[in-house]
Each structure stands twice: as C-alpha cells, then as structure tokens.
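Visitor: Input structure: upload_23.cif, which contains mmCIF, C-alpha atoms; chains and numbers go by the auth columns.
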```cif
data_protein
loop_
_atom_site.group_PDB
_atom_site.id
_atom_site.type_symbol
_atom_site.label_atom_id
_atom_site.label_comp_id
_atom_site.label_asym_id
_atom_site.label_seq_id
_atom_site.Cartn_x
_atom_site.Cartn_y
_atom_site.Cartn_z
_atom_site.B_iso_or_equiv
_atom_site.auth_seq_id
_atom_site.auth_asym_id
ATOM 1 C CA MET A 1 50.852 -63.835 17.799 0.00 1 A
ATOM 2 C CA LEU A 2 50.304 -67.343 19.129 0.00 2 A
ATOM 3 C CA THR A 3 50.660 -67.658 22.892 0.00 3 A
ATOM 4 C CA TYR A 4 51.164 -70.463 25.367 0.00 4 A
ATOM 5 C CA GLU A 5 47.663 -69.845 26.718 0.00 5 A
ATOM 6 C CA ASP A 6 46.218 -70.240 23.196 0.00 6 A
ATOM 7 C CA VAL A 7 47.845 -73.654 22.880 0.00 7 A
ATOM 8 C CA LYS A 8 47.093 -74.683 26.461 0.00 8 A
ATOM 9 C CA ASN A 9 43.384 -73.934 26.059 0.00 9 A
ATOM 10 C CA ASN A 10 42.973 -75.403 22.581 0.00 10 A
ATOM 11 C CA SER A 11 40.368 -78.173 22.757 0.00 11 A
ATOM 12 C CA ALA A 12 42.069 -80.381 20.170 0.00 12 A
ATOM 13 C CA VAL A 13 45.425 -80.134 21.940 0.00 13 A
ATOM 14 C CA ARG A 14 43.852 -81.027 25.258 0.00 14 A
ATOM 15 C CA THR A 15 42.073 -84.009 23.696 0.00 15 A
ATOM 16 C CA TYR A 16 45.315 -85.323 22.186 0.00 16 A
ATOM 17 C CA ILE A 17 47.180 -84.993 25.492 0.00 17 A
ATOM 18 C CA GLN A 18 44.390 -86.687 27.425 0.00 18 A
ATOM 19 C CA ARG A 19 44.027 -89.552 24.985 0.00 19 A
ATOM 20 C CA ALA A 20 47.806 -90.034 24.759 0.00 20 A
ATOM 21 C CA ASP A 21 47.957 -90.323 28.518 0.00 21 A
ATOM 22 C CA GLU A 22 45.106 -92.830 28.477 0.00 22 A
ATOM 23 C CA SER A 23 47.152 -94.991 26.118 0.00 23 A
ATOM 24 C CA LEU A 24 50.153 -94.815 28.447 0.00 24 A
ATOM 25 C CA THR A 25 47.909 -95.676 31.393 0.00 25 A
ATOM 26 C CA ALA A 26 46.822 -98.822 29.567 0.00 26 A
ATOM 27 C CA LEU A 27 50.494 -99.674 28.989 0.00 27 A
ATOM 28 C CA GLY A 28 51.335 -99.186 32.678 0.00 28 A
ATOM 29 C CA TYR A 29 53.382 -95.990 32.334 0.00 29 A
ATOM 30 C CA THR A 30 53.600 -93.163 34.832 0.00 30 A
ATOM 31 C CA GLU A 31 51.546 -89.970 34.442 0.00 31 A
ATOM 32 C CA HIS A 32 52.114 -88.009 31.232 0.00 32 A
ATOM 33 C CA SER A 33 48.992 -85.846 31.363 0.00 33 A
ATOM 34 C CA PHE A 34 48.373 -82.157 32.101 0.00 34 A
ATOM 35 C CA ALA A 35 50.334 -82.119 35.362 0.00 35 A
ATOM 36 C CA HIS A 36 53.452 -83.333 33.572 0.00 36 A
ATOM 37 C CA VAL A 37 53.274 -81.149 30.466 0.00 37 A
ATOM 38 C CA THR A 38 52.430 -78.068 32.541 0.00 38 A
ATOM 39 C CA ALA A 39 55.384 -78.705 34.855 0.00 39 A
ATOM 40 C CA VAL A 40 57.667 -79.156 31.841 0.00 40 A
ATOM 41 C CA ALA A 41 56.389 -75.951 30.230 0.00 41 A
ATOM 42 C CA GLU A 42 56.893 -73.948 33.411 0.00 42 A
ATOM 43 C CA ASN A 43 60.370 -75.339 34.138 0.00 43 A
ATOM 44 C CA ALA A 44 61.511 -74.755 30.553 0.00 44 A
ATOM 45 C CA ALA A 45 60.346 -71.161 30.885 0.00 45 A
ATOM 46 C CA TYR A 46 62.100 -70.816 34.237 0.00 46 A
ATOM 47 C CA ILE A 47 65.394 -71.982 32.750 0.00 47 A
ATOM 48 C CA LEU A 48 65.401 -69.623 29.774 0.00 48 A
ATOM 49 C CA SER A 49 63.971 -66.601 31.596 0.00 49 A
ATOM 50 C CA THR A 50 66.536 -67.005 34.389 0.00 50 A
ATOM 51 C CA LEU A 51 69.316 -67.050 31.802 0.00 51 A
ATOM 52 C CA GLY A 52 67.992 -63.866 30.198 0.00 52 A
ATOM 53 C CA TYR A 53 66.623 -65.234 26.931 0.00 53 A
ATOM 54 C CA PRO A 54 64.110 -63.052 25.041 0.00 54 A
ATOM 55 C CA GLU A 55 60.506 -63.204 26.199 0.00 55 A
ATOM 56 C CA ARG A 56 59.370 -64.700 22.906 0.00 56 A
ATOM 57 C CA THR A 57 61.924 -67.512 23.128 0.00 57 A
ATOM 58 C CA VAL A 58 60.634 -68.264 26.621 0.00 58 A
ATOM 59 C CA GLU A 59 57.087 -68.398 25.236 0.00 59 A
ATOM 60 C CA LEU A 60 58.126 -70.840 22.514 0.00 60 A
ATOM 61 C CA ALA A 61 59.744 -73.056 25.148 0.00 61 A
ATOM 62 C CA LYS A 62 56.481 -73.119 27.099 0.00 62 A
ATOM 63 C CA ILE A 63 54.554 -74.100 23.978 0.00 63 A
ATOM 64 C CA ALA A 64 57.072 -76.844 23.188 0.00 64 A
ATOM 65 C CA GLY A 65 56.851 -78.075 26.769 0.00 65 A
ATOM 66 C CA PHE A 66 53.084 -78.346 26.685 0.00 66 A
ATOM 67 C CA LEU A 67 53.045 -80.158 23.326 0.00 67 A
ATOM 68 C CA HIS A 68 56.122 -82.349 23.739 0.00 68 A
ATOM 69 C CA ASP A 69 54.381 -85.639 24.617 0.00 69 A
ATOM 70 C CA ILE A 70 51.412 -85.634 22.223 0.00 70 A
ATOM 71 C CA GLY A 71 53.224 -88.188 20.062 0.00 71 A
ATOM 72 C CA ASN A 72 52.302 -90.822 22.646 0.00 72 A
ATOM 73 C CA LEU A 73 48.872 -90.698 21.030 0.00 73 A
ATOM 74 C CA VAL A 74 50.388 -92.535 18.048 0.00 74 A
ATOM 75 C CA ASN A 75 52.771 -94.858 19.881 0.00 75 A
ATOM 76 C CA ARG A 76 55.276 -94.724 22.719 0.00 76 A
ATOM 77 C CA VAL A 77 58.002 -95.780 20.288 0.00 77 A
ATOM 78 C CA ASP A 78 59.466 -92.743 18.483 0.00 78 A
ATOM 79 C CA HIS A 79 56.918 -90.517 20.203 0.00 79 A
ATOM 80 C CA SER A 80 59.149 -87.458 19.923 0.00 80 A
ATOM 81 C CA GLN A 81 59.170 -87.658 16.127 0.00 81 A
ATOM 82 C CA SER A 82 55.436 -88.390 15.966 0.00 82 A
ATOM 83 C CA GLY A 83 54.802 -85.498 18.327 0.00 83 A
ATOM 84 C CA ALA A 84 56.883 -83.148 16.210 0.00 84 A
ATOM 85 C CA VAL A 85 54.826 -83.973 13.117 0.00 85 A
ATOM 86 C CA MET A 86 51.572 -83.543 15.045 0.00 86 A
ATOM 87 C CA ALA A 87 52.779 -80.246 16.523 0.00 87 A
ATOM 88 C CA PHE A 88 53.665 -78.974 13.047 0.00 88 A
ATOM 89 C CA ARG A 89 50.098 -79.476 11.859 0.00 89 A
ATOM 90 C CA ILE A 90 48.550 -78.012 15.010 0.00 90 A
ATOM 91 C CA LEU A 91 50.738 -74.916 15.006 0.00 91 A
ATOM 92 C CA ASP A 92 50.348 -74.371 11.248 0.00 92 A
ATOM 93 C CA ASN A 93 46.560 -74.481 11.652 0.00 93 A
ATOM 94 C CA MET A 94 46.865 -71.919 14.462 0.00 94 A
ATOM 95 C CA ASP A 95 48.742 -69.556 12.096 0.00 95 A
ATOM 96 C CA CYS A 96 52.033 -69.766 13.940 0.00 96 A
ATOM 97 C CA PRO A 97 54.894 -68.275 11.845 0.00 97 A
ATOM 98 C CA PRO A 98 57.107 -70.852 10.077 0.00 98 A
ATOM 99 C CA GLU A 99 60.277 -69.811 11.901 0.00 99 A
ATOM 100 C CA GLU A 100 58.572 -70.337 15.262 0.00 100 A
ATOM 101 C CA ILE A 101 57.053 -73.642 14.164 0.00 101 A
ATOM 102 C CA ALA A 102 60.539 -74.751 13.169 0.00 102 A
ATOM 103 C CA THR A 103 61.955 -73.948 16.615 0.00 103 A
ATOM 104 C CA ILE A 104 59.154 -75.705 18.492 0.00 104 A
ATOM 105 C CA VAL A 105 59.029 -78.776 16.245 0.00 105 A
ATOM 106 C CA THR A 106 62.815 -79.185 16.386 0.00 106 A
ATOM 107 C CA ALA A 107 62.714 -79.070 20.196 0.00 107 A
ATOM 108 C CA ILE A 108 59.920 -81.650 20.410 0.00 108 A
ATOM 109 C CA GLY A 109 61.612 -83.963 17.923 0.00 109 A
ATOM 110 C CA ASN A 110 64.841 -83.874 19.927 0.00 110 A
ATOM 111 C CA HIS A 111 63.620 -84.270 23.519 0.00 111 A
ATOM 112 C CA ASP A 112 63.896 -88.069 23.862 0.00 112 A
ATOM 113 C CA GLU A 113 67.110 -89.578 25.217 0.00 113 A
ATOM 114 C CA GLY A 114 67.150 -92.278 22.563 0.00 114 A
ATOM 115 C CA THR A 115 67.666 -89.973 19.575 0.00 115 A
ATOM 116 C CA GLY A 116 67.453 -86.423 20.883 0.00 116 A
ATOM 117 C CA MET A 117 70.042 -83.676 21.015 0.00 117 A
ATOM 118 C CA PRO A 118 69.934 -80.112 22.407 0.00 118 A
ATOM 119 C CA VAL A 119 70.170 -78.509 18.975 0.00 119 A
ATOM 120 C CA ASN A 120 68.965 -75.099 20.156 0.00 120 A
ATOM 121 C CA ALA A 121 68.170 -73.284 23.401 0.00 121 A
ATOM 122 C CA VAL A 122 64.492 -74.267 23.389 0.00 122 A
ATOM 123 C CA ALA A 123 65.390 -77.932 22.846 0.00 123 A
ATOM 124 C CA ALA A 124 67.943 -77.769 25.668 0.00 124 A
ATOM 125 C CA ALA A 125 65.457 -76.210 28.089 0.00 125 A
ATOM 126 C CA LEU A 126 62.796 -78.766 27.110 0.00 126 A
ATOM 127 C CA ILE A 127 65.167 -81.674 27.738 0.00 127 A
ATOM 128 C CA LEU A 128 66.164 -80.403 31.179 0.00 128 A
ATOM 129 C CA ALA A 129 62.572 -79.651 32.183 0.00 129 A
ATOM 130 C CA ASP A 130 61.233 -82.994 30.958 0.00 130 A
ATOM 131 C CA LYS A 131 63.907 -85.255 32.430 0.00 131 A
ATOM 132 C CA SER A 132 63.799 -83.513 35.809 0.00 132 A
ATOM 133 C CA ASP A 133 60.074 -84.115 36.374 0.00 133 A
ATOM 134 C CA VAL A 134 60.385 -87.034 38.770 0.00 134 A
ATOM 135 C CA ARG A 135 57.865 -87.161 41.622 0.00 135 A
ATOM 136 C CA ARG A 136 55.684 -89.512 43.627 0.00 136 A
ATOM 137 C CA SER A 137 52.423 -88.191 42.183 0.00 137 A
ATOM 138 C CA ARG A 138 53.344 -89.497 38.720 0.00 138 A
ATOM 139 C CA VAL A 139 52.853 -93.105 39.922 0.00 139 A
ATOM 140 C CA ARG A 140 49.374 -94.445 39.158 0.00 140 A
ATOM 141 C CA ASN A 141 49.846 -98.070 40.129 0.00 141 A
ATOM 142 C CA PRO A 142 47.972 -98.554 43.432 0.00 142 A
ATOM 143 C CA ASP A 143 49.711 -101.853 44.208 0.00 143 A
ATOM 144 C CA MET A 144 53.189 -101.232 45.610 0.00 144 A
ATOM 145 C CA ALA A 145 53.969 -104.946 45.469 0.00 145 A
ATOM 146 C CA SER A 146 53.783 -104.813 41.671 0.00 146 A
ATOM 147 C CA PHE A 147 55.806 -101.602 41.198 0.00 147 A
ATOM 148 C CA ASP A 148 58.231 -101.754 38.283 0.00 148 A
ATOM 149 C CA ILE A 149 61.455 -99.774 38.290 0.00 149 A
ATOM 150 C CA HIS A 150 59.736 -96.663 36.851 0.00 150 A
ATOM 151 C CA ASP A 151 57.189 -96.749 39.682 0.00 151 A
ATOM 152 C CA ARG A 152 59.863 -97.289 42.340 0.00 152 A
ATOM 153 C CA VAL A 153 62.052 -94.471 41.096 0.00 153 A
ATOM 154 C CA ASN A 154 59.233 -91.934 40.951 0.00 154 A
ATOM 155 C CA TYR A 155 57.522 -93.043 44.146 0.00 155 A
ATOM 156 C CA SER A 156 60.760 -92.905 46.114 0.00 156 A
ATOM 157 C CA VAL A 157 61.272 -89.204 45.362 0.00 157 A
ATOM 158 C CA LYS A 158 59.850 -87.178 48.235 0.00 158 A
ATOM 159 C CA ARG A 159 61.119 -83.848 46.945 0.00 159 A
ATOM 160 C CA SER A 160 62.498 -82.616 43.636 0.00 160 A
ATOM 161 C CA VAL A 161 63.952 -79.160 42.980 0.00 161 A
ATOM 162 C CA LEU A 162 65.469 -77.802 39.766 0.00 162 A
ATOM 163 C CA LYS A 163 67.514 -74.637 40.339 0.00 163 A
ATOM 164 C CA ILE A 164 70.011 -72.411 38.539 0.00 164 A
ATOM 165 C CA ASN A 165 72.618 -70.781 40.776 0.00 165 A
ATOM 166 C CA GLU A 166 72.952 -66.995 41.135 0.00 166 A
ATOM 167 C CA GLU A 167 76.044 -66.904 38.929 0.00 167 A
ATOM 168 C CA HIS A 168 74.151 -68.707 36.132 0.00 168 A
ATOM 169 C CA THR A 169 76.911 -71.267 35.790 0.00 169 A
ATOM 170 C CA LEU A 170 75.234 -74.348 37.253 0.00 170 A
ATOM 171 C CA ILE A 171 71.843 -76.032 36.996 0.00 171 A
ATOM 172 C CA LYS A 172 71.151 -78.471 39.808 0.00 172 A
ATOM 173 C CA LEU A 173 68.533 -81.183 40.214 0.00 173 A
ATOM 174 C CA LYS A 174 68.230 -81.974 43.906 0.00 174 A
ATOM 175 C CA LEU A 175 66.291 -85.068 44.943 0.00 175 A
ATOM 176 C CA SER A 176 65.298 -86.418 48.335 0.00 176 A
ATOM 177 C CA VAL A 177 64.971 -90.185 47.870 0.00 177 A
ATOM 178 C CA ASP A 178 63.256 -92.502 50.323 0.00 178 A
ATOM 179 C CA THR A 179 65.173 -95.767 49.899 0.00 179 A
ATOM 180 C CA LYS A 180 62.313 -97.712 51.429 0.00 180 A
ATOM 181 C CA TYR A 181 60.641 -97.701 48.008 0.00 181 A
ATOM 182 C CA GLY A 182 63.548 -97.450 45.585 0.00 182 A
ATOM 183 C CA SER A 183 67.323 -97.483 45.805 0.00 183 A
ATOM 184 C CA VAL A 184 69.704 -94.864 44.499 0.00 184 A
ATOM 185 C CA MET A 185 71.002 -97.546 42.133 0.00 185 A
ATOM 186 C CA ASP A 186 67.475 -97.917 40.723 0.00 186 A
ATOM 187 C CA TYR A 187 67.542 -94.235 39.932 0.00 187 A
ATOM 188 C CA PHE A 188 70.890 -94.363 38.168 0.00 188 A
ATOM 189 C CA GLU A 189 69.967 -97.527 36.268 0.00 189 A
ATOM 190 C CA ILE A 190 66.943 -95.956 34.654 0.00 190 A
ATOM 191 C CA PHE A 191 68.071 -92.337 34.408 0.00 191 A
ATOM 192 C CA MET A 192 71.717 -92.584 33.333 0.00 192 A
ATOM 193 C CA GLY A 193 70.913 -91.949 29.681 0.00 193 A
ATOM 194 C CA ARG A 194 68.632 -89.085 30.635 0.00 194 A
ATOM 195 C CA MET A 195 71.241 -87.487 32.859 0.00 195 A
ATOM 196 C CA LEU A 196 73.865 -87.647 30.103 0.00 196 A
ATOM 197 C CA LEU A 197 71.413 -85.880 27.789 0.00 197 A
ATOM 198 C CA CYS A 198 70.746 -83.308 30.520 0.00 198 A
ATOM 199 C CA ARG A 199 74.475 -82.638 30.779 0.00 199 A
ATOM 200 C CA LYS A 200 74.620 -81.961 27.033 0.00 200 A
ATOM 201 C CA ALA A 201 71.566 -79.703 27.309 0.00 201 A
ATOM 202 C CA ALA A 202 73.113 -77.759 30.168 0.00 202 A
ATOM 203 C CA GLU A 203 76.342 -77.320 28.218 0.00 203 A
ATOM 204 C CA LYS A 204 74.330 -75.996 25.262 0.00 204 A
ATOM 205 C CA LEU A 205 73.070 -73.257 27.589 0.00 205 A
ATOM 206 C CA GLY A 206 76.530 -72.574 29.000 0.00 206 A
ATOM 207 C CA LEU A 207 75.829 -74.364 32.275 0.00 207 A
ATOM 208 C CA GLN A 208 77.168 -77.286 34.220 0.00 208 A
ATOM 209 C CA PHE A 209 74.687 -79.973 35.273 0.00 209 A
ATOM 210 C CA LYS A 210 74.740 -81.435 38.776 0.00 210 A
ATOM 211 C CA LEU A 211 72.569 -84.155 40.272 0.00 211 A
ATOM 212 C CA MET A 212 72.330 -84.269 44.062 0.00 212 A
ATOM 213 C CA ILE A 213 70.579 -87.150 45.822 0.00 213 A
ATOM 214 C CA ASN A 214 69.830 -87.054 49.518 0.00 214 A
ATOM 215 C CA GLU A 215 69.017 -90.552 50.779 0.00 215 A
ATOM 216 C CA GLN A 216 66.308 -90.874 53.423 0.00 216 A
ATOM 217 C CA GLN A 217 65.194 -94.109 55.021 0.00 217 A
ATOM 218 C CA LEU A 218 61.906 -93.974 56.872 0.00 218 A
ATOM 219 C CA ILE A 219 61.481 -96.431 59.729 0.00 219 A
#
```
Give the structure from the file, written as structure tokens.
Guide:
Amino acid sequence: MLTYEDVKNNSAVRTYIQRADESLTALGYTEHSFAHVTAVAENAAYILSTLGYPERTVELAKIAGFLHDIGNLVNRVDHSQSGAVMAFRILDNMDCPPEEIATIVTAIGNHDEGTGMPVNAVAAALILADKSDVRRSRVRNPDMASFDIHDRVNYSVKRSVLKINEEHTLIKLKLSVDTKYGSVMDYFEIFMGRMLLCRKAAEKLGLQFKLMINEQQLI
C-alpha cells in the first residue's frame, strides 16, 4: 500500500517539486518548495484526523498535499490541472490503486481558487491547508523596497495558526499581521477569492470558516 513517506522520498517527485519551485523563483513568486508542500500535507492531515476521518483517507490527503503544486513545473497557469495529470502518472507508476489515484488527482485538480471546488473531503482539506499557508519565510525577495503585494502579505504575517475548535464546528485561521509591511486591506485584496473557497471547503466538511486578523504595528 502506497504511503505518504513513499511519495515524499521518491527521487522523481522531489526533483519535480524542486524544479517547479525554481521556475516560480525565476518568475518572482513566493516559496512553493518542500517547506510549503510539507506544511500543506501536515495541515490537511490535521484537519481530517481531527474530524475523525479514516486513517487511509488522512494518508491520501497527505499525499495530495505533497504533490499538489508539481504542476508549476509545466506552467503557473492552470497548474492544478497540469499537476493532476502529472500526479496520475506518478501514482500509477507507483502501483497506487485506481480508486485512490482518483481521490488524490481530483483533489489536486480542484485546489486552485480560479477553477477549484471542494468536491470531496480530501479536496476540501487540501484547499484549507494550502490557502492557510501564509508566513514570512515564504518571501524570497531580499529587497523590501521592491516587494509586490504577495511579498507584503506574506512578510507581514508574524504568526499563523489553523485550528479546529473542540466541538468540531469551526475551523479558524488566526493571523498576527504587522502593518508596517502590509496592510489588512492588502491581505483581503489578494486573498478574498481564496477565503471564499476556504469557506466552501469548510462547509463541505461540516464546519464554519473564520478568519481572525490581529493587527500589530511595530515602532
């Protein structure tokens, strides 16, 4: 039975993720390498395990999380669809059962806010985990004077926590934002579409979605 560790340690998978991130680096995007995909895999697993989903479903969510951005190797445009096709071939070659390939590929193909939808639990968990990974360490531009809105939004976040409440009725993304680097309006301008998708994903899992922003201005 294919495991998350099998996929995580596969040399071809790691090459595709690394080279995809190199392409995004050249285009000026924030970090989409191993730190990001590992965080997404772990948060997707946290969401489904906390809600009591079967262990195997949790494992499939971790695999989907680790593979979800490999489509950037082809092009940033429509990368979720490209990634789904690539994941199909990778998983088929690793003798993953068709029904599990279908679940993973569907989740990857539906994780982008432009065309995605939380069509199943794994897709919903992937969406929430991916869109909530906002942090300062994702910014690679060393020149603050030339930060674009993506850089400002990520760099301004001092702390990010994704939590499900004890009653399993609410999933909350809590951010501490330093407005010295980016305004709260910057955040909403760039993430509104993502937050609407997160709300749909939360509803798919029987949850409400709540975004909490704590503004901090350092002097």
Visitor: Under the rule that only C-alpha atoms are counted, which of A:Pro118, A:Ala12, A:Ala107, A:Ile17 is the nearest residue to A:Arg89?
Guide: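 Under the stated criterion, the closest residue is A:Ala12.
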Visitor: For stretch 98-103 of chain A, work out the shell of residues within 10 Å, counting only C-alpha atoms and skipping chain neighbours fewer than 5 positions away, then give it as a list in words.
Guide: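 These residues fall inside the cut-off: Leu2, Arg56, Thr57, Leu60, Ala61, Ala64, Ala84, Ala87, Phe88, Arg89, Ile90, Leu91, Asp92, Ile108, Val119, Asn120, Ala121, Val122 and Ala123 of chain A.
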Visitor: Write out as a VMD selection string the residues lying within 8 Å of A:Gln18, counting all atoms listed in the file and excluding same-chain residues fewer than 4 positions away.
Guide: chain A and resid 14 22 33 to 34
Visitor: Please enumerate the residues selected by the PyMOL selection byres ((chain A and resi 133) around 9) when evaluated against the supplied file, formatted as a ChimeraX atom specification.
Guide: /A:36,39-40,128-132,134-135,138,160,162
Visitor: Keeping only C-alpha atoms, write the selected residues to a file as a short mmCIF file (atom, residue, chain, number, x, y, z; two decimals), in the frame of the given file.
Guide:
```
data_model
loop_
_atom_site.label_atom_id
_atom_site.label_comp_id
_atom_site.auth_asym_id
_atom_site.auth_seq_id
_atom_site.Cartn_x
_atom_site.Cartn_y
_atom_site.Cartn_z
CA HIS A 36 53.45 -83.33 33.57
CA ALA A 39 55.38 -78.70 34.85
CA VAL A 40 57.67 -79.16 31.84
CA LEU A 128 66.16 -80.40 31.18
CA ALA A 129 62.57 -79.65 32.18
CA ASP A 130 61.23 -82.99 30.96
CA LYS A 131 63.91 -85.26 32.43
CA SER A 132 63.80 -83.51 35.81
CA VAL A 134 60.38 -87.03 38.77
CA ARG A 135 57.86 -87.16 41.62
CA ARG A 138 53.34 -89.50 38.72
CA SER A 160 62.50 -82.62 43.64
CA LEU A 162 65.47 -77.80 39.77
#
```
Visitor: Let me make sure I understand: among A:Lys172, A:Asp21, A:Glu42, A:Leu51, which one has the smallest atom-to-atom distance to A:Phe209 if we use all atoms listed in the file?
Guide: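 Counting all atoms listed in the file, the residue closest to A:Phe209 is A:Lys172.
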Visitor: What separation in Å, quoted to one decimal, exists between atom CA of A:Ile190 and atom CA of A:Lys174?
Guide: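 Interatomic distance, atom CA of A:Ile190 to atom CA of A:Lys174: 16.8 Å.
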Visitor: For A:Arg199, which of A:Glu167, A:Asn141, A:Ile127, A:Tyr155 is the closest residue, counting only C-alpha atoms?
Guide: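 Selected residue with least distance to A:Arg199: A:Ile127.
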Visitor: What is the atom CA of A:Tyr29-atom CA of A:Ile104 distance in Å, reported with one decimal?
Guide: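 Between atom CA of A:Tyr29 and atom CA of A:Ile104 the gap is 25.2 Å.
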Visitor: Residues picked by the PyMOL selection byres ((chain A and resi 183) around 12) here, as a short mmCIF file (atom, residue, chain, number, x, y, z; two decimals) with C-alpha atoms, in the coordinates of the input?
Guide:
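What ended up in part.cif:
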```
data_model
loop_
_atom_site.label_atom_id
_atom_site.label_comp_id
_atom_site.auth_asym_id
_atom_site.auth_seq_id
_atom_site.Cartn_x
_atom_site.Cartn_y
_atom_site.Cartn_z
CA ILE A 149 61.46 -99.77 38.29
CA HIS A 150 59.74 -96.66 36.85
CA ASP A 151 57.19 -96.75 39.68
CA ARG A 152 59.86 -97.29 42.34
CA VAL A 153 62.05 -94.47 41.10
CA ASN A 154 59.23 -91.93 40.95
CA TYR A 155 57.52 -93.04 44.15
CA SER A 156 60.76 -92.90 46.11
CA VAL A 157 61.27 -89.20 45.36
CA SER A 176 65.30 -86.42 48.34
CA VAL A 177 64.97 -90.18 47.87
CA ASP A 178 63.26 -92.50 50.32
CA THR A 179 65.17 -95.77 49.90
CA LYS A 180 62.31 -97.71 51.43
CA TYR A 181 60.64 -97.70 48.01
CA GLY A 182 63.55 -97.45 45.58
CA VAL A 184 69.70 -94.86 44.50
CA MET A 185 71.00 -97.55 42.13
CA ASP A 186 67.47 -97.92 40.72
CA TYR A 187 67.54 -94.24 39.93
CA PHE A 188 70.89 -94.36 38.17
CA GLU A 189 69.97 -97.53 36.27
CA ILE A 190 66.94 -95.96 34.65
CA ILE A 213 70.58 -87.15 45.82
CA ASN A 214 69.83 -87.05 49.52
CA GLU A 215 69.02 -90.55 50.78
CA GLN A 216 66.31 -90.87 53.42
CA GLN A 217 65.19 -94.11 55.02
#
```
Visitor: Quick one: distance from atom CA of A:Leu126 to atom CA of A:Asn43 in Å, one decimal?
Guide: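 Between these atoms lies a distance of 8.2 Å.
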Visitor: If we count all atoms listed in the file and set the cut-off at 10 Å, which residues sit around A:Gly114, ignoring sequence neighbours fewer than 4 positions away in its own chain? Please answer as a ChimeraX atom specification.
Guide: /A:78,80,110,193-194,197
Visitor: So, counting all atoms listed in the file, which residue among A:Ala124, A:Thr50, A:Ala26, A:Ser82 is closest to A:Gly65?
Guide: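 Of all the options, A:Ala124 lies closest to A:Gly65.
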Visitor: Between A:His68, A:Met192, A:His32, A:Gly206, which is the closest to A:Glu113 once you count only C-alpha atoms?
Guide: A:Met192
Visitor: From the list A:Gln208, A:Thr106, A:Thr38, A:Ser23, which residue is nearest A:Met195 when using only C-alpha atoms?
Guide: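 Going through A:Gln208, A:Thr106, A:Thr38, A:Ser23 one by one, the smallest distance to A:Met195 is for A:Gln208.
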Visitor: Quick one: what's the axis-aligned box for stretch 184-188 of chain A, all listed atoms, 3 Å on every side, centre and edges in Å to one decimal, as AutoDock Vina command-line options?
Guide:
```
--center_x 69.2 --center_y -96.1 --center_z 41.3 --size_x 9.5 --size_y 9.7 --size_z 12.3
```
Visitor: All heavy atoms are what I want for stretch 204-209 of chain A; can you complete it accordingly and write them as an mmCIF file, keeping the file's coordinate frame?
Guide:
```cif
data_model
loop_
_atom_site.group_PDB
_atom_site.id
_atom_site.type_symbol
_atom_site.label_atom_id
_atom_site.label_comp_id
_atom_site.auth_asym_id
_atom_site.auth_seq_id
_atom_site.Cartn_x
_atom_site.Cartn_y
_atom_site.Cartn_z
ATOM 1 N N LYS A 204 74.844 -76.811 26.362
ATOM 2 C CA LYS A 204 74.330 -75.996 25.262
ATOM 3 C C LYS A 204 73.943 -74.608 25.755
ATOM 4 O O LYS A 204 74.086 -73.611 25.029
ATOM 5 C CB LYS A 204 73.113 -76.687 24.623
ATOM 6 C CG LYS A 204 72.483 -75.929 23.471
ATOM 7 C CD LYS A 204 73.373 -75.946 22.239
ATOM 8 C CE LYS A 204 72.695 -75.280 21.060
ATOM 9 N NZ LYS A 204 73.539 -75.312 19.835
ATOM 10 N N LEU A 205 73.481 -74.529 26.993
ATOM 11 C CA LEU A 205 73.070 -73.257 27.589
ATOM 12 C C LEU A 205 74.194 -72.586 28.367
ATOM 13 O O LEU A 205 73.972 -71.583 29.044
ATOM 14 C CB LEU A 205 71.864 -73.486 28.514
ATOM 15 C CG LEU A 205 70.598 -74.012 27.825
ATOM 16 C CD1 LEU A 205 69.555 -74.399 28.863
ATOM 17 C CD2 LEU A 205 70.026 -72.976 26.860
ATOM 18 N N GLY A 206 75.389 -73.152 28.302
ATOM 19 C CA GLY A 206 76.530 -72.574 29.000
ATOM 20 C C GLY A 206 76.550 -72.873 30.481
ATOM 21 O O GLY A 206 77.136 -72.124 31.272
ATOM 22 N N LEU A 207 75.928 -73.986 30.872
ATOM 23 C CA LEU A 207 75.829 -74.364 32.275
ATOM 24 C C LEU A 207 76.516 -75.698 32.524
ATOM 25 O O LEU A 207 76.754 -76.477 31.599
ATOM 26 C CB LEU A 207 74.358 -74.503 32.691
ATOM 27 C CG LEU A 207 73.462 -73.275 32.579
ATOM 28 C CD1 LEU A 207 72.008 -73.691 32.712
ATOM 29 C CD2 LEU A 207 73.815 -72.253 33.637
ATOM 30 N N GLN A 208 76.802 -75.955 33.780
ATOM 31 C CA GLN A 208 77.168 -77.286 34.220
ATOM 32 C C GLN A 208 75.923 -77.936 34.818
ATOM 33 O O GLN A 208 75.061 -77.244 35.361
ATOM 34 C CB GLN A 208 78.271 -77.233 35.270
ATOM 35 C CG GLN A 208 79.618 -76.764 34.752
ATOM 36 C CD GLN A 208 80.669 -76.773 35.846
ATOM 37 O OE1 GLN A 208 80.400 -76.431 36.988
ATOM 38 N NE2 GLN A 208 81.879 -77.166 35.487
ATOM 39 N N PHE A 209 75.821 -79.256 34.699
ATOM 40 C CA PHE A 209 74.687 -79.973 35.273
ATOM 41 C C PHE A 209 75.141 -80.783 36.473
ATOM 42 O O PHE A 209 76.164 -81.473 36.409
ATOM 43 C CB PHE A 209 74.058 -80.908 34.241
ATOM 44 C CG PHE A 209 72.915 -81.727 34.792
ATOM 45 C CD1 PHE A 209 71.670 -81.154 34.975
ATOM 46 C CD2 PHE A 209 73.088 -83.054 35.134
ATOM 47 C CE1 PHE A 209 70.620 -81.897 35.489
ATOM 48 C CE2 PHE A 209 72.046 -83.805 35.647
ATOM 49 C CZ PHE A 209 70.808 -83.217 35.827
#
```
